[in-house]
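Visitor: Sending over a structure as structure tokens; questions will come in a sec.
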Amino acid sequence: MIDVIDAMFEKVVQPGEKVIEQGQDGDNFYVIESGFYDIYVNINGKETKVGQYDNQGSFGELALMYNTPRAATILATNQGVLWAMDRETFRSIVLKKAFEKRRIYEALLENVPMLKELNNYERMNIADALRTSIYEPASKIISQGDEGREMYFIEEGGVRVFVSKPGCEEMQVNQLNK
């Protein structure tokens, strides 16, 4: 996070200033410190207001991440302050973090017995599909009887496993830790 903050520069904007324009190449990613910003999208040849940022939010990342033209125009409606990061720095930080995340997930997957037979390419594809979810202590993650739609790996911390049987109270049967 410190890398991101250190890489940003302040940009003061004036009322009526177009911060980004739909269809243009992306140059910066922006985080709003203050100000109101209207969001316009060209619909059937007419610029249509589709939303507004109110002293918070961020924009501009899609054009930088996917190397596509800007998807909307952002217009400052009053004086405001943005923090910006240029394309090269943004891509460098995002790609570095994605690479670090992939390495962590690949190492995690190598230790899962049922995935041992996968080759590196297959493990890498699974690693790229993983996403981190953070749960508060004592949160219920899944319930007995629910349809299985996801597979969970413990990245940090631990979980307790409980089983319910008809006529019996819920009972802890296991505790799993990283």
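Residues are named by chain letter and number: chains run A, B, ... in the order of the structure tokens, numbers start at 1 in each chain, and ligands are numbered from 1 in the order shown.
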As JSON, numbers by chain, please: the residues near stretch 166-178 of chain A (cut-off 9 Å, only C-alpha atoms, same-chain neighbours under 4 positions excluded).

Guide: {"A": [153, 154, 155, 156, 157, 158, 159, 160, 161, 162]}

Visitor: Return as CSV the residues of stretch 70-123 of chain A lying at most 6 Å from stretch 21-35 of chain A, together with the closest atom-to-atom pair for each and the distance in Å to one decimal, counting only C-alpha atoms, with rows in chain order and ascending residue number.

Guide:
residue,atom,partner,partner_atom,distance
A:Arg70,CA,A:Gln22,CA,4.7
A:Ala71,CA,A:Gln22,CA,5.2
A:Ala72,CA,A:Gln22,CA,4.3
A:Thr73,CA,A:Glu21,CA,4.2
A:Gly80,CA,A:Gly35,CA,4.1
A:Val81,CA,A:Ser34,CA,5.1
A:Leu82,CA,A:Ile32,CA,4.7
A:Trp83,CA,A:Val31,CA,5.1
A:Ala84,CA,A:Tyr30,CA,4.5
A:Met85,CA,A:Phe29,CA,5.2
A:Asp86,CA,A:Asn28,CA,4.4
A:Arg87,CA,A:Asp27,CA,5.4

Visitor: DSSP on the backbone, helix (DSSP H, G or I) only: what residues of chain A does that give? Format it as a PyMOL selection string.

Guide: chain A and resi 2-7+61-66+87-110+113-115+120-129

Visitor: Using the chain letters and numbers from this document, which residues of chain A does DSSP assign to strand (DSSP E or B), as a PyMOL selection string?

Guide: chain A and resi 9-13+18-20+28-34+36-43+46-54+58-59+73-76+80-86+158-163+171-177

Visitor: Compile the contact shell of A:Ala76 as a VMD selection string: residues with an atom at most 9 Å away, counting only C-alpha atoms, same-chain residues fewer than 4 positions apart removed.

Guide: chain A and resid 13 to 19 35 to 38 80

Visitor: Print the selection's residues with N, CA and C atoms to a file, as a compact mmCIF listing (two decimals), in the first residue's frame.

Guide:
# COMPACT_ATOMS: atom_id res chain seq x y z
N VAL A 13 -8.48 20.22 -9.31
CA VAL A 13 -9.31 20.42 -10.49
C VAL A 13 -10.30 21.55 -10.23
N GLN A 14 -10.70 22.22 -11.31
CA GLN A 14 -11.60 23.36 -11.24
C GLN A 14 -12.99 22.96 -11.76
N PRO A 15 -14.03 23.69 -11.36
CA PRO A 15 -15.38 23.39 -11.86
C PRO A 15 -15.41 23.40 -13.39
N GLY A 16 -16.06 22.39 -13.98
CA GLY A 16 -16.17 22.29 -15.43
C GLY A 16 -15.01 21.60 -16.10
N GLU A 17 -13.96 21.26 -15.35
CA GLU A 17 -12.79 20.60 -15.94
C GLU A 17 -13.09 19.14 -16.24
N LYS A 18 -12.78 18.72 -17.48
CA LYS A 18 -12.89 17.32 -17.85
C LYS A 18 -11.64 16.61 -17.36
N VAL A 19 -11.84 15.70 -16.43
CA VAL A 19 -10.70 14.97 -15.88
C VAL A 19 -10.31 13.87 -16.86
N GLY A 35 -14.46 16.74 -3.67
CA GLY A 35 -15.12 17.26 -4.86
C GLY A 35 -16.22 16.36 -5.37
N PHE A 36 -17.01 16.94 -6.26
CA PHE A 36 -18.11 16.22 -6.93
C PHE A 36 -17.74 16.09 -8.40
N TYR A 37 -17.99 14.90 -8.94
CA TYR A 37 -17.59 14.60 -10.31
C TYR A 37 -18.74 13.89 -11.00
N ASP A 38 -19.25 14.48 -12.09
CA ASP A 38 -20.32 13.85 -12.85
C ASP A 38 -19.74 12.85 -13.83
N GLY A 80 -11.96 20.55 -6.66
CA GLY A 80 -11.71 19.33 -5.92
C GLY A 80 -10.25 18.94 -5.97

Visitor: Of the candidates A:Met151, A:Val163, A:Val12, A:Ala98, which one gets nearest to A:Val112 if we count only C-alpha atoms?

Guide: A:Met151

Visitor: Could you please determine the separation between atom CA of A:Leu115 and atom CA of A:Lys96 in Å, to one decimal place?

Guide: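 Atom-to-atom, atom CA of A:Leu115 and atom CA of A:Lys96 are spaced 25.7 Å apart.
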
Visitor: I'd like the interatomic distance between atom CA of A:Arg91 and atom CA of A:Ile126, to a tenth of an Å.

Guide: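 So the answer is 22.4 Å.
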
Visitor: To one decimal place in Å, what is the distance between atom CA of A:Glu110 and atom CA of A:Arg123?

Guide: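 Atom-to-atom, atom CA of A:Glu110 to atom CA of A:Arg123, that is 7.8 Å.
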
Visitor: Dump as CSV the rows for residues of stretch 3-112 of chain A within 12 Å of stretch 130-140 of chain A: closest atom pair and distance in Å with one decimal, only C-alpha atoms counted, ordered by chain and rising residue number.

Guide:
residue,atom,partner,partner_atom,distance
A:Ala98,CA,A:Arg131,CA,11.2
A:Lys101,CA,A:Leu130,CA,9.4
A:Arg102,CA,A:Leu130,CA,8.9
A:Arg103,CA,A:Leu130,CA,11.8
A:Ile104,CA,A:Leu130,CA,10.8
A:Tyr105,CA,A:Leu130,CA,7.6
A:Glu106,CA,A:Leu130,CA,10.0
A:Leu108,CA,A:Leu130,CA,10.9
A:Leu109,CA,A:Leu130,CA,10.3

Visitor: Give the answer as one residue: which of A:Ala129, A:Ile74, A:Val41, A:Ala107 has the shortest atom-to-atom distance to A:Ile20, using only C-alpha atoms?

Guide: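 Ranked by minimum distance to A:Ile20, first place goes to A:Ile74.
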